[in-house]
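Q: Compact mmCIF, C-alpha atoms, saved as entry-v5.txt, coming up:
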```
# COMPACT_ATOMS: atom_id res chain seq x y z
CA MET U 1 11.33 3.02 2.11
CA ASN U 2 14.96 3.21 3.16
CA ALA U 3 16.58 1.28 6.04
CA ALA U 4 16.23 4.13 8.56
CA GLU U 5 12.54 4.56 7.74
CA LYS U 6 11.96 0.81 8.11
CA ILE U 7 13.59 0.84 11.55
CA LYS U 8 11.50 3.83 12.62
CA LYS U 9 8.31 2.19 11.37
CA SER U 10 9.12 -1.09 13.12
CA ALA U 11 9.70 0.72 16.41
CA ALA U 12 6.46 2.68 16.11
CA MET U 13 4.43 -0.45 15.40
CA ALA U 14 6.06 -2.27 18.33
CA ALA U 15 5.00 0.62 20.57
CA TYR U 16 1.47 0.38 19.18
CA ASP U 17 1.28 -3.35 19.94
CA ILE U 18 2.25 -2.67 23.55
CA MET U 19 -0.40 0.06 23.77
CA ALA U 20 -3.05 -2.29 22.34
CA LYS U 21 -2.77 -4.62 25.33
CA ASN U 22 -4.18 -1.92 27.62
CA PRO U 23 -5.03 1.33 25.78
CA GLU U 24 -6.14 3.35 28.80
CA LYS U 25 -2.92 2.56 30.64
CA ASN U 26 -0.41 2.45 27.78
CA LEU U 27 -1.57 5.23 25.45
CA PRO U 28 0.72 7.83 27.12
CA ALA U 29 3.75 5.61 26.47
CA LEU U 30 2.83 5.37 22.77
CA LEU U 31 2.54 9.14 22.53
CA ASN U 32 5.91 9.61 24.23
CA LYS U 33 7.45 7.20 21.72
CA LEU U 34 5.99 9.11 18.76
CA ILE U 35 7.23 12.41 20.17
CA SER U 36 10.75 11.02 20.65
CA MET U 37 10.82 9.67 17.09
CA ASP U 38 9.75 12.95 15.50
CA ASP U 39 13.32 14.28 15.38
CA GLU U 40 12.55 17.45 13.40
CA LYS U 41 9.24 18.16 15.18
CA ILE U 42 7.40 18.33 11.87
CA ALA U 43 5.33 15.14 11.85
CA LEU U 44 3.54 14.16 15.03
CA TYR U 45 5.19 16.27 17.71
CA ASP U 46 2.41 18.85 18.08
CA GLN U 47 -0.46 16.35 17.77
CA ALA U 48 1.06 13.84 20.18
CA SER U 49 1.94 16.59 22.66
CA THR U 50 -1.65 17.86 22.53
CA MET U 51 -2.96 14.36 23.08
CA LYS U 52 -0.75 14.04 26.18
CA LYS U 53 -2.48 17.09 27.64
CA VAL U 54 -5.84 15.57 26.75
CA LEU U 55 -4.96 12.40 28.65
CA SER U 56 -4.52 14.40 31.85
CA ASN U 57 -8.32 14.82 31.90
CA PRO U 58 -10.13 11.45 31.85
CA ASP U 59 -13.38 13.23 31.00
CA ASN U 60 -11.99 14.82 27.83
CA MET U 61 -14.15 13.87 24.85
CA VAL U 62 -11.22 13.32 22.47
CA LEU U 63 -9.86 10.61 24.76
CA LYS U 64 -13.30 9.02 24.91
CA GLU U 65 -13.50 9.07 21.10
CA VAL U 66 -10.11 7.37 20.76
CA LEU U 67 -11.01 4.67 23.26
CA GLU U 68 -14.43 4.12 21.67
CA ILE U 69 -12.84 3.69 18.25
CA TYR U 70 -10.51 1.06 19.67
CA ARG U 71 -13.40 -0.63 21.46
CA ASP U 72 -15.86 -0.65 18.53
CA VAL U 73 -13.67 -1.04 15.43
CA ASP U 74 -12.04 -4.29 14.28
CA ARG U 75 -8.66 -4.57 16.03
CA GLU U 76 -6.74 -5.45 12.88
CA GLN U 77 -8.22 -2.50 11.04
CA CYS U 78 -7.29 -0.18 13.93
CA ARG U 79 -3.70 -1.36 13.66
CA LYS U 80 -3.62 -0.93 9.90
CA LEU U 81 -5.04 2.60 10.09
CA PHE U 82 -2.47 3.56 12.71
CA GLU U 83 0.24 2.17 10.44
CA THR U 84 -0.92 3.94 7.27
CA ILE U 85 -2.19 7.28 8.63
CA VAL U 86 0.04 7.91 11.64
CA VAL U 87 3.26 6.07 10.77
CA ASP U 88 3.46 6.07 6.95
CA GLY U 89 1.42 9.25 6.39
CA SER U 90 3.00 11.40 9.10
CA LEU U 91 6.02 9.92 10.87
CA ILE U 92 7.63 8.70 7.62
CA GLY U 93 5.85 10.93 5.10
CA SER U 94 6.23 14.38 6.71
CA PRO U 95 10.05 14.55 6.58
CA LYS U 96 9.96 13.40 2.95
CA ARG U 97 7.39 16.05 2.04
CA LYS U 98 9.39 18.76 3.82
CA LYS U 99 12.59 17.75 2.04
CA ASN U 100 10.90 17.68 -1.37
CA SER U 101 9.08 20.95 -0.75
CA GLU U 102 12.40 22.67 -0.03
CA LYS U 103 14.18 20.93 -2.90
CA TYR U 104 11.57 21.81 -5.54
CA ASN U 105 10.29 25.08 -3.98
CA CYS U 106 6.63 24.08 -4.17
CA ASN U 107 3.84 22.67 -2.03
CA ILE U 108 3.86 18.90 -1.47
CA PRO U 109 0.44 17.58 -0.39
CA TRP U 110 -0.30 15.44 2.64
CA LEU U 111 -3.15 13.79 0.72
CA ILE U 112 -4.57 13.60 -2.78
CA LEU U 113 -8.29 13.68 -3.57
CA MET U 114 -8.93 11.67 -6.72
CA ASP U 115 -12.10 10.93 -8.73
CA PRO U 116 -11.93 7.47 -10.34
CA THR U 117 -15.09 8.25 -12.31
CA SER U 118 -17.66 10.96 -12.95
CA ALA U 119 -20.40 8.34 -13.30
CA CYS U 120 -22.99 8.11 -10.53
CA ASN U 121 -26.10 6.09 -9.75
CA LEU U 122 -27.82 9.16 -8.24
CA LYS U 123 -28.58 12.68 -9.42
CA CYS U 124 -28.32 15.01 -6.43
CA THR U 125 -29.56 18.59 -6.48
CA GLY U 126 -26.66 21.05 -6.52
CA CYS U 127 -23.95 18.38 -6.83
CA TRP U 128 -20.72 19.94 -8.12
CA ALA U 129 -19.46 16.56 -9.35
CA ALA U 130 -22.39 16.34 -11.75
CA GLU U 131 -21.01 19.33 -13.64
CA TYR U 132 -18.25 17.10 -15.03
CA GLY U 133 -20.80 14.92 -16.80
CA HIS U 134 -21.08 11.14 -16.34
CA THR U 135 -18.73 9.69 -18.96
CA LEU U 136 -15.25 10.41 -17.62
CA SER U 137 -12.88 8.05 -15.82
CA ILE U 138 -9.25 7.57 -14.84
CA THR U 139 -7.83 4.15 -15.68
CA ILE U 140 -6.54 1.99 -12.89
CA ASP U 141 -3.03 2.22 -14.38
CA GLU U 142 -3.27 6.02 -14.19
CA MET U 143 -4.38 5.83 -10.55
CA GLU U 144 -1.53 3.43 -9.78
CA ASN U 145 0.90 5.91 -11.35
CA VAL U 146 -0.50 8.81 -9.31
CA ILE U 147 -0.10 6.81 -6.10
CA LYS U 148 3.49 5.84 -6.96
CA GLN U 149 4.41 9.46 -7.73
CA ALA U 150 2.73 10.64 -4.54
CA ASN U 151 4.56 8.04 -2.41
CA ASP U 152 7.88 9.18 -3.86
CA LEU U 153 7.05 12.71 -2.67
CA GLY U 154 5.98 11.53 0.80
CA CYS U 155 2.19 11.37 0.34
CA TYR U 156 0.44 8.17 1.48
CA LEU U 157 -3.17 9.29 2.00
CA PHE U 158 -5.82 9.27 -0.74
CA LEU U 159 -9.44 10.39 -0.78
CA LEU U 160 -11.59 8.88 -3.52
CA ALA U 161 -14.68 10.74 -4.68
CA GLY U 162 -16.56 11.21 -7.94
CA GLY U 163 -19.20 10.88 -9.30
CA GLU U 164 -19.78 7.82 -7.22
CA PRO U 165 -16.44 6.04 -6.65
CA MET U 166 -18.22 2.78 -5.81
CA MET U 167 -19.03 2.49 -9.52
CA ARG U 168 -15.37 1.35 -9.62
CA LYS U 169 -15.48 -0.80 -6.48
CA ASP U 170 -13.32 -3.62 -7.86
CA ASP U 171 -10.58 -1.21 -8.93
CA ILE U 172 -10.70 0.55 -5.55
CA LEU U 173 -10.19 -2.73 -3.72
CA THR U 174 -7.29 -3.52 -6.06
CA LEU U 175 -5.63 -0.22 -5.16
CA CYS U 176 -6.09 -0.98 -1.46
CA ARG U 177 -4.52 -4.42 -1.85
CA ASN U 178 -1.62 -3.14 -3.94
CA HIS U 179 -0.79 -0.26 -1.59
CA GLN U 180 -0.92 -1.53 1.96
CA ASP U 181 1.28 1.35 3.13
CA CYS U 182 -1.45 3.83 2.10
CA ALA U 183 -4.83 4.77 3.58
CA PHE U 184 -7.86 5.36 1.35
CA MET U 185 -10.99 7.28 2.33
CA LEU U 186 -14.10 6.86 0.20
CA PHE U 187 -16.59 9.73 -0.21
CA THR U 188 -19.62 7.68 -1.22
CA ASN U 189 -23.40 7.95 -1.29
CA GLY U 190 -23.38 4.54 0.40
CA THR U 191 -26.11 2.96 -1.69
CA LEU U 192 -23.76 0.41 -3.31
CA ILE U 193 -22.24 -0.88 -0.07
CA ASP U 194 -23.32 -4.46 0.59
CA GLU U 195 -22.21 -7.46 2.66
CA LYS U 196 -19.71 -8.61 0.03
CA PHE U 197 -18.01 -5.24 -0.18
CA ALA U 198 -17.90 -4.91 3.61
CA ASP U 199 -16.18 -8.30 3.83
CA ALA U 200 -13.62 -7.08 1.28
CA MET U 201 -13.05 -4.00 3.43
CA LEU U 202 -12.27 -6.25 6.38
CA GLU U 203 -9.74 -8.03 4.19
CA VAL U 204 -7.86 -4.93 2.95
CA LYS U 205 -8.31 -2.94 6.20
CA ASN U 206 -7.04 0.38 4.76
CA LEU U 207 -10.32 1.70 3.32
CA ILE U 208 -12.61 4.07 5.28
CA PRO U 209 -15.97 5.21 3.87
CA ALA U 210 -17.39 8.67 4.50
CA ILE U 211 -21.06 8.22 3.70
CA SER U 212 -23.02 11.18 2.35
CA ILE U 213 -26.21 11.85 4.27
CA GLU U 214 -27.95 15.20 4.58
CA GLY U 215 -29.83 14.72 7.83
CA TYR U 216 -32.90 12.52 8.12
CA GLU U 217 -35.07 11.02 5.41
CA GLU U 218 -36.77 14.22 4.23
CA ASP U 219 -33.57 16.21 3.71
CA THR U 220 -31.54 13.31 2.32
CA ASP U 221 -34.18 12.26 -0.18
CA PHE U 222 -34.84 15.92 -1.10
CA ARG U 223 -31.31 16.19 -2.55
CA ARG U 224 -30.55 12.58 -3.44
CA GLY U 225 -33.82 11.00 -4.51
CA LYS U 226 -36.62 9.04 -2.87
CA GLY U 227 -35.50 5.88 -1.10
CA THR U 228 -31.85 6.95 -0.78
CA TYR U 229 -32.03 7.46 2.98
CA GLU U 230 -33.31 3.93 3.59
CA ARG U 231 -30.49 2.43 1.49
CA VAL U 232 -27.86 4.51 3.32
CA ILE U 233 -29.15 3.42 6.73
CA LYS U 234 -28.89 -0.22 5.61
CA ALA U 235 -25.30 0.30 4.44
CA MET U 236 -24.26 1.84 7.78
CA ALA U 237 -25.91 -1.04 9.65
CA ILE U 238 -23.77 -3.50 7.67
CA LEU U 239 -20.58 -1.58 8.42
CA LYS U 240 -21.40 -1.27 12.12
CA ALA U 241 -22.20 -4.97 12.44
CA LYS U 242 -18.84 -5.89 10.91
CA ARG U 243 -17.03 -3.43 13.22
CA LEU U 244 -15.66 -1.39 10.33
CA MET U 245 -14.48 2.20 10.67
CA PHE U 246 -16.72 4.70 8.86
CA GLY U 247 -18.03 8.23 9.12
CA THR U 248 -20.55 10.51 7.48
CA SER U 249 -20.17 13.40 5.06
CA CYS U 250 -22.80 16.10 5.21
CA CYS U 251 -23.24 18.95 2.75
CA TYR U 252 -25.35 21.29 4.85
CA THR U 253 -27.60 23.78 3.13
CA ARG U 254 -29.85 26.68 4.04
CA ARG U 255 -32.62 24.24 4.87
CA SER U 256 -30.53 21.77 6.92
CA ALA U 257 -27.81 23.69 8.82
CA GLU U 258 -29.69 23.90 12.12
CA LEU U 259 -30.52 20.21 11.97
CA VAL U 260 -26.98 19.05 11.20
CA ALA U 261 -25.51 20.88 14.21
CA SER U 262 -28.15 19.76 16.70
CA ASP U 263 -27.72 17.51 19.74
CA GLU U 264 -30.37 15.16 18.42
CA TYR U 265 -28.67 14.68 15.08
CA PHE U 266 -25.23 14.11 16.63
CA ASP U 267 -26.73 11.45 18.89
CA THR U 268 -28.35 9.83 15.85
CA VAL U 269 -25.08 9.76 13.88
CA ILE U 270 -23.30 8.21 16.87
CA GLY U 271 -26.07 5.63 17.09
CA TRP U 272 -25.55 4.70 13.45
CA GLY U 273 -21.97 3.76 14.37
CA ALA U 274 -20.12 6.62 12.68
CA LYS U 275 -16.87 7.72 14.31
CA TYR U 276 -16.45 11.03 12.49
CA MET U 277 -18.47 13.54 10.48
CA TRP U 278 -17.32 15.83 7.69
CA CYS U 279 -19.42 19.00 7.42
CA PHE U 280 -19.29 20.97 4.16
CA ALA U 281 -21.27 24.13 3.46
CA TYR U 282 -23.02 23.94 0.10
CA THR U 283 -21.11 25.88 -2.58
CA PRO U 284 -22.76 26.80 -5.92
CA ILE U 285 -20.24 25.16 -8.26
CA GLY U 286 -21.15 24.95 -11.94
CA LYS U 287 -22.67 27.49 -14.32
CA ASN U 288 -26.24 26.41 -13.57
CA ALA U 289 -25.80 25.78 -9.85
CA VAL U 290 -28.69 26.85 -7.64
CA THR U 291 -27.82 29.58 -5.15
CA ASP U 292 -30.81 29.37 -2.82
CA LEU U 293 -29.26 26.34 -1.07
CA MET U 294 -26.32 28.44 0.15
CA ILE U 295 -26.29 28.96 3.90
CA THR U 296 -26.72 32.45 5.32
CA PRO U 297 -23.92 34.21 7.24
CA GLU U 298 -25.96 33.77 10.43
CA GLN U 299 -26.18 30.02 9.79
CA ARG U 300 -22.42 29.79 9.43
CA LYS U 301 -22.12 31.56 12.77
CA TYR U 302 -24.57 29.03 14.21
CA MET U 303 -22.39 26.18 12.87
CA TYR U 304 -19.27 27.85 14.30
CA TYR U 305 -20.66 27.80 17.83
CA ASN U 306 -22.57 24.54 17.78
CA ILE U 307 -19.97 22.30 16.16
CA ARG U 308 -17.42 23.49 18.73
CA ARG U 309 -19.84 22.88 21.59
CA LEU U 310 -20.86 19.45 20.38
CA ARG U 311 -17.26 18.33 19.96
CA LEU U 312 -16.78 18.91 23.69
CA GLU U 313 -19.94 17.02 24.61
CA LYS U 314 -20.30 14.12 22.15
CA PRO U 315 -17.94 11.24 21.22
CA LEU U 316 -17.94 12.14 17.52
CA LEU U 317 -15.09 13.84 15.68
CA ALA U 318 -16.87 16.55 13.70
CA MET U 319 -14.91 18.62 11.17
CA ASP U 320 -16.39 21.78 9.69
CA PHE U 321 -14.52 22.38 6.42
CA TYR U 322 -14.60 26.20 6.43
CA ASN U 323 -14.98 27.12 10.11
CA ASP U 324 -12.13 24.87 11.27
CA ALA U 325 -9.52 26.54 9.08
CA LYS U 326 -7.65 27.99 12.05
CA TYR U 327 -6.51 24.49 13.03
CA VAL U 328 -4.71 24.15 9.67
CA ARG U 329 -3.72 27.83 9.33
CA GLY U 330 -6.09 28.74 6.51
CA CYS U 331 -6.72 27.40 3.01
CA ILE U 332 -5.33 23.90 2.46
CA ALA U 333 -5.66 23.86 -1.36
CA GLY U 334 -3.09 24.00 -4.12
CA GLY U 335 -0.99 21.25 -2.58
CA ARG U 336 -0.47 22.92 0.79
CA THR U 337 -2.39 19.99 2.25
CA TYR U 338 -4.12 18.52 -0.77
CA VAL U 339 -4.92 18.75 -4.48
CA HIS U 340 -7.82 17.35 -6.47
CA ILE U 341 -7.59 15.17 -9.58
CA ASN U 342 -10.91 14.98 -11.41
CA ALA U 343 -12.14 12.09 -13.54
CA ASN U 344 -10.71 13.71 -16.68
CA GLY U 345 -7.25 13.74 -15.08
CA ASP U 346 -7.22 17.52 -14.56
CA ILE U 347 -5.24 18.56 -11.49
CA GLU U 348 -7.18 21.24 -9.60
CA PRO U 349 -6.20 23.18 -6.46
CA CYS U 350 -9.39 22.13 -4.64
CA ALA U 351 -12.51 20.03 -5.13
CA PHE U 352 -14.54 23.25 -5.10
CA ILE U 353 -12.35 25.11 -7.60
CA HIS U 354 -12.83 23.66 -11.07
CA PHE U 355 -9.93 25.35 -12.84
CA SER U 356 -6.67 23.76 -13.93
CA ASP U 357 -3.44 24.23 -15.86
CA SER U 358 -2.26 20.60 -15.77
CA ASN U 359 -3.37 17.00 -16.33
CA ILE U 360 -1.99 13.66 -15.16
CA ARG U 361 -1.78 12.53 -18.82
CA THR U 362 0.64 15.30 -19.74
CA ASP U 363 2.21 16.33 -16.41
CA THR U 364 3.65 14.58 -13.41
CA ILE U 365 2.24 15.47 -9.99
CA LEU U 366 5.44 17.36 -9.20
CA GLU U 367 5.25 19.32 -12.47
CA ALA U 368 1.63 20.28 -11.70
CA LEU U 369 2.63 21.51 -8.25
CA GLN U 370 5.33 23.66 -9.86
CA LYS U 371 3.03 25.13 -12.49
CA PRO U 372 1.58 28.66 -12.10
CA LEU U 373 -1.81 27.74 -10.59
CA CYS U 374 -0.55 25.80 -7.58
CA MET U 375 2.40 28.17 -7.20
CA GLU U 376 0.03 31.15 -6.99
CA PHE U 377 -1.86 29.37 -4.22
CA LYS U 378 1.45 28.82 -2.42
CA LYS U 379 2.37 32.50 -2.75
CA ASN U 380 -1.03 33.79 -1.59
CA GLU U 381 -1.85 31.43 1.29
CA PRO U 382 -3.26 32.30 3.71
CA PHE U 383 -5.75 34.36 1.74
CA ASN U 384 -6.79 36.27 4.83
CA LYS U 385 -5.21 36.88 8.24
CA ASN U 386 -8.61 36.04 9.66
CA MET U 387 -8.67 32.25 9.72
CA LEU U 388 -12.47 32.34 9.66
CA ARG U 389 -12.22 33.69 6.11
CA PRO U 390 -9.87 31.10 4.55
CA CYS U 391 -11.33 30.47 1.10
CA PRO U 392 -10.31 32.48 -2.02
CA LEU U 393 -13.74 31.74 -3.51
CA VAL U 394 -16.32 31.80 -0.72
CA ASP U 395 -14.74 34.23 1.75
CA ASN U 396 -12.51 36.62 -0.18
CA PRO U 397 -14.23 38.12 -3.24
CA GLY U 398 -12.02 38.45 -6.27
CA ARG U 399 -8.99 36.52 -5.01
CA LEU U 400 -9.70 33.44 -7.12
CA SER U 401 -10.53 35.56 -10.18
CA VAL U 402 -7.13 37.25 -9.99
CA ILE U 403 -5.30 33.92 -9.70
CA VAL U 404 -7.15 32.35 -12.63
CA ALA U 405 -6.55 35.41 -14.82
CA LYS U 406 -2.86 35.56 -13.89
CA THR U 407 -2.17 31.87 -14.51
CA GLY U 408 -4.40 31.32 -17.54
CA ALA U 409 -6.07 28.35 -15.86
CA HIS U 410 -9.05 26.96 -17.75
CA SER U 411 -12.47 25.82 -16.54
CA THR U 412 -12.63 22.05 -16.17
CA GLU U 413 -16.43 21.84 -16.31
CA MET U 414 -17.46 19.41 -19.03
CA LEU U 415 -21.13 20.24 -19.47
CA GLU U 416 -20.82 24.03 -19.68
CA LYS U 417 -17.70 26.06 -19.00
CA ASP U 418 -17.93 28.32 -15.96
CA ASP U 419 -16.58 31.86 -15.88
CA VAL U 420 -14.56 32.53 -12.73
CA LYS U 421 -16.06 35.98 -12.27
CA GLU U 422 -19.58 34.59 -12.51
CA LEU U 423 -18.65 31.85 -10.05
CA SER U 424 -17.24 34.38 -7.60
CA GLY U 425 -20.30 36.57 -8.09
CA ARG U 426 -22.57 33.77 -6.91
CA CYS U 427 -20.72 33.83 -3.57
CA LEU U 428 -20.43 37.62 -3.25
CA ASP U 429 -23.50 38.38 -1.12
CA PHE U 430 -22.55 35.65 1.32
CA ALA U 431 -18.94 36.85 1.53
CA LEU U 432 -19.96 40.44 2.24
CA GLY U 433 -22.42 39.31 4.92
CA TRP U 434 -19.96 36.94 6.56
CA ALA U 435 -17.01 39.37 6.73
CA PRO U 436 -18.19 41.49 9.71
CA ILE U 437 -19.37 38.42 11.63
CA ALA U 438 -16.05 36.67 11.04
CA LYS U 439 -14.19 39.81 12.13
CA ASP U 440 -15.97 39.89 15.50
CA LEU U 441 -15.50 36.16 16.08
CA TRP U 442 -11.80 36.22 15.19
CA GLU U 443 -11.03 39.27 17.31
CA THR U 444 -12.74 37.58 20.25
CA GLU U 445 -10.60 34.45 19.74
CA LEU U 446 -7.42 36.53 19.60
CA LYS U 447 -8.43 38.42 22.74
CA ASN U 448 -9.17 35.21 24.63
CA GLY U 449 -5.96 33.53 23.50
CA GLU U 450 -7.85 30.91 21.46
CA ALA U 451 -6.12 31.88 18.22
CA LYS U 452 -2.78 33.20 17.03
CA GLU U 453 -2.09 36.34 15.02
CA VAL U 454 -1.33 35.51 11.39
CA LYS U 455 1.46 37.51 9.77
```
Please express what this file holds, its structure, as structure tokens.
A:
Amino acid sequence: MNAAEKIKKSAAMAAYDIMAKNPEKNLPALLNKLISMDDEKIALYDQASTMKKVLSNPDNMVLKEVLEIYRDVDREQCRKLFETIVVDGSLIGSPKRKKNSEKYNCNIPWLILMDPTSACNLKCTGCWAAEYGHTLSITIDEMENVIKQANDLGCYLFLLAGGEPMMRKDDILTLCRNHQDCAFMLFTNGTLIDEKFADAMLEVKNLIPAISIEGYEEDTDFRRGKGTYERVIKAMAILKAKRLMFGTSCCYTRRSAELVASDEYFDTVIGWGAKYMWCFAYTPIGKNAVTDLMITPEQRKYMYYNIRRLRLEKPLLAMDFYNDAKYVRGCIAGGRTYVHINANGDIEPCAFIHFSDSNIRTDTILEALQKPLCMEFKKNEPFNKNMLRPCPLVDNPGRLSVIVAKTGAHSTEMLEKDDVKELSGRCLDFALGWAPIAKDLWETELKNGEAKEVK
């Protein structure tokens, strides 16, 4: 970090400390400070400006969520997360990413999703991670090198998945201690979280779990095994008692979509102490993946309406991976917002697209972003002018097949190689059924001024 960046960071943290004395009164001043420091209007200008509008309505749910986080989460962790996500990740990181993107003519990611291991203590039905097998891992030195390379490019945010990343809990804590200017999110089944690990989280402060849970006991144990739900509830109780920031991650399926987007379930998740919820539609990744868990087009429409409604009514930040694409202008893969590094070191455009033309053991992160696969994503994004059809796999039949054929990318599945055309074929019926529904929804948004035309 150069001298100018250090001065900017110091000023931002001083503004945060003033805000922390009286958040309800001083939050506008913090937002004004962030806006004034975003000289090129590429980091926090839009988000902070939007938040200023939110503050004009004391009943706005986003404001309530922010204040509840500050009220319920450990104060030192709140400060550290502001420092790593807002200041390092955006205020400092965004200009660096923009400069490097222009310099090297490629995407530079805001975050990197990395799998420390493919090993797992559970065997979940339809889990795409299981298709890698259970014997792969990235060494801690390799992860350290990835983080250093990413920081040099302006990326300070890291999502850790697997397998079950908590199989490497000691290494994860080491990464958190060694990189206090970075934020780490943990996609975990939660069953290995105990009092000792929670105390370590309080020490490092820059680690946030997203705990996988499919609904209530019946649906969770159906996919993850008997007794899993009870262990997950215990883990969340530990985190809540220690005032640690955490959320949930829900892969909703044909049998659970209506439950996940219900008032009752949102209230339950809030009661557990979660502050956010990731919602992912089940995708049949892997040659032997079951397809009858895929949601129907009508269920995706149901999620579209209900998640939006519930965000306005409940103090829980819910993010629907596919249906919220308009807020990030389409597909975020291929380095546009993130890339995925699997436990074999293969660099993939997305966690749901298991094809690669690079590996951290032979390529730098920058070299991978400049290789044909990520460059084709850059050239083709957005894959559809309709932001409700963002994905080249799930929503736009044939787009991924063309890219893989053109770039010569290979399947990264370890157990049994997957053919991209067969993979796309498993999603075809859904894509054809969703297209007319998405068309009507998007045209309505454009008509009502809720969306912008994509050129």
Q: What's around region 213-228 of chain U at 7 Å? Count all atoms listed in the file, leave out sequence neighbours fewer than 5 positions away in its own chain, and write the answer as a ChimeraX atom specification.
A: /U:122-125,248-252,259-260
Q: Have a look at CA of Ser424 (chain U) and CA of Glu453 (chain U) and let me know their distance in Å, one decimal.
A: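 Going from CA of Ser424 (chain U) over to CA of Glu453 (chain U) covers 27.3 Å.
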Q: I'd like to know which of U:Ser212, U:Thr253, U:Thr84, U:Ser90 is closest to Gly190 (chain U), using only C-alpha atoms.
A: U:Ser212
Q: In Å, with one decimal, what is the gap from CA of Lys378 (chain U) to CA of Asp418 (chain U)?
A: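 Interatomic distance, CA of Lys378 (chain U) to CA of Asp418 (chain U): 23.6 Å.
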Q: Of the residues U:Met319, U:Cys120, U:Ala333, U:Met201, which is the one nearest to Gly163 (chain U), using all atoms listed in the file?
A: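 With all atoms listed in the file as the atom set, the closest residue is U:Cys120.
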Q: May I ask for the distance between CA of Asn206 (chain U) and CA of Asn189 (chain U), given in Å to one decimal place?
A: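 Separation of CA of Asn206 (chain U) and CA of Asn189 (chain U): 19.0 Å.
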Q: Choose the residue, out of U:Asn288, U:Asn2, U:Ser36, U:Thr268, that has the smallest atom-to-atom separation from Glu422 (chain U); count only C-alpha atoms.
A: U:Asn288
Q: May I ask which of the residues U:Ala183, U:Ala20, U:Ile347, U:Met387 is the closest one to Leu369 (chain U), counting only C-alpha atoms?
A: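 Checking each candidate against Leu369 (chain U), we get U:Ile347 as the closest.
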Q: Could you check which of U:Ala11, U:Ala200, U:Met1, U:Leu153 is closest to Asn107 (chain U), using all atoms listed in the file?
A: U:Leu153
Q: Between U:Asn344, U:Asn22, U:Ser101, U:Asn32, which has the minimum distance to Arg71 (chain U) (counting all atoms listed in the file)?
A: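 Smallest separation from Arg71 (chain U) among the options: U:Asn22.
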Q: Hey, what's within 7 Å of region 235-243 of chain U if we count all atoms listed in the file and toss same-chain stuff fewer than 2 positions away? As a list of chain:residue names, please?
A: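 Residues near the query, excluding close chain neighbours: U:Asp72, U:Val73, U:Asp74, U:Gly190, U:Thr191, U:Ile193, U:Asp194, U:Glu195, U:Ala198, U:Arg231, U:Val232, U:Ile233, U:Met245, U:Trp272, U:Gly273.
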Q: List every residue of region 34-64 of chain U that has an atom at most 10 Å from any atom of region 305-317 of chain U, and for each one report the closest atom pair and its distance in Å to one decimal, counting only C-alpha atoms, with rows sorted by chain and then by increasing residue number, as CSV.
A:
```
residue,atom,partner,partner_atom,distance
U:Asp59,CA,U:Leu312,CA,9.9
U:Asn60,CA,U:Leu312,CA,7.5
U:Met61,CA,U:Leu312,CA,5.8
U:Val62,CA,U:Pro315,CA,7.1
U:Leu63,CA,U:Pro315,CA,8.8
U:Lys64,CA,U:Pro315,CA,6.3
```
Q: List every protein, DNA or RNA residue that has at least one atom no more than 10 Å from (4.5, 8.4, 25.8) in the file's coordinates, counting all atoms listed in the file, and write the result as a list in words.
A: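 Looking at atoms near the point gives Ala15, Met19, Asn26, Leu27, Pro28, Ala29, Leu30, Leu31, Asn32, Lys33, Leu34, Ile35, Ser36, Ala48, Ser49, Met51 and Lys52 of chain U.
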Q: Based on the selection just made, write C-alpha atoms of those residues as a PDB file, in the coordinates of the input.
A:
```
ATOM      1  CA  ALA U  15       5.000   0.620  20.570  1.00  0.00           C
ATOM      2  CA  MET U  19      -0.400   0.060  23.770  1.00  0.00           C
ATOM      3  CA  ASN U  26      -0.410   2.450  27.780  1.00  0.00           C
ATOM      4  CA  LEU U  27      -1.570   5.230  25.450  1.00  0.00           C
ATOM      5  CA  PRO U  28       0.720   7.830  27.120  1.00  0.00           C
ATOM      6  CA  ALA U  29       3.750   5.610  26.470  1.00  0.00           C
ATOM      7  CA  LEU U  30       2.830   5.370  22.770  1.00  0.00           C
ATOM      8  CA  LEU U  31       2.540   9.140  22.530  1.00  0.00           C
ATOM      9  CA  ASN U  32       5.910   9.610  24.230  1.00  0.00           C
ATOM     10  CA  LYS U  33       7.450   7.200  21.720  1.00  0.00           C
ATOM     11  CA  LEU U  34       5.990   9.110  18.760  1.00  0.00           C
ATOM     12  CA  ILE U  35       7.230  12.410  20.170  1.00  0.00           C
ATOM     13  CA  SER U  36      10.750  11.020  20.650  1.00  0.00           C
ATOM     14  CA  ALA U  48       1.060  13.840  20.180  1.00  0.00           C
ATOM     15  CA  SER U  49       1.940  16.590  22.660  1.00  0.00           C
ATOM     16  CA  MET U  51      -2.960  14.360  23.080  1.00  0.00           C
ATOM     17  CA  LYS U  52      -0.750  14.040  26.180  1.00  0.00           C
TER      18      LYS U  52
END
```
Q: I'd like the contact shell of Lys421 (chain U) - 9 Å cut-off, all atoms listed in the file, skipping same-chain residues fewer than 4 positions apart - returned as a short mmCIF file (atom, residue, chain, number, x, y, z; two decimals) with C-alpha atoms, keeping the file's coordinate frame.
A:
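Saved as out-v4.cif:
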```cif
data_model
loop_
_atom_site.label_atom_id
_atom_site.label_comp_id
_atom_site.auth_asym_id
_atom_site.auth_seq_id
_atom_site.Cartn_x
_atom_site.Cartn_y
_atom_site.Cartn_z
CA GLY U 398 -12.02 38.45 -6.27
CA LEU U 400 -9.70 33.44 -7.12
CA SER U 401 -10.53 35.56 -10.18
CA GLY U 425 -20.30 36.57 -8.09
CA ARG U 426 -22.57 33.77 -6.91
#
```
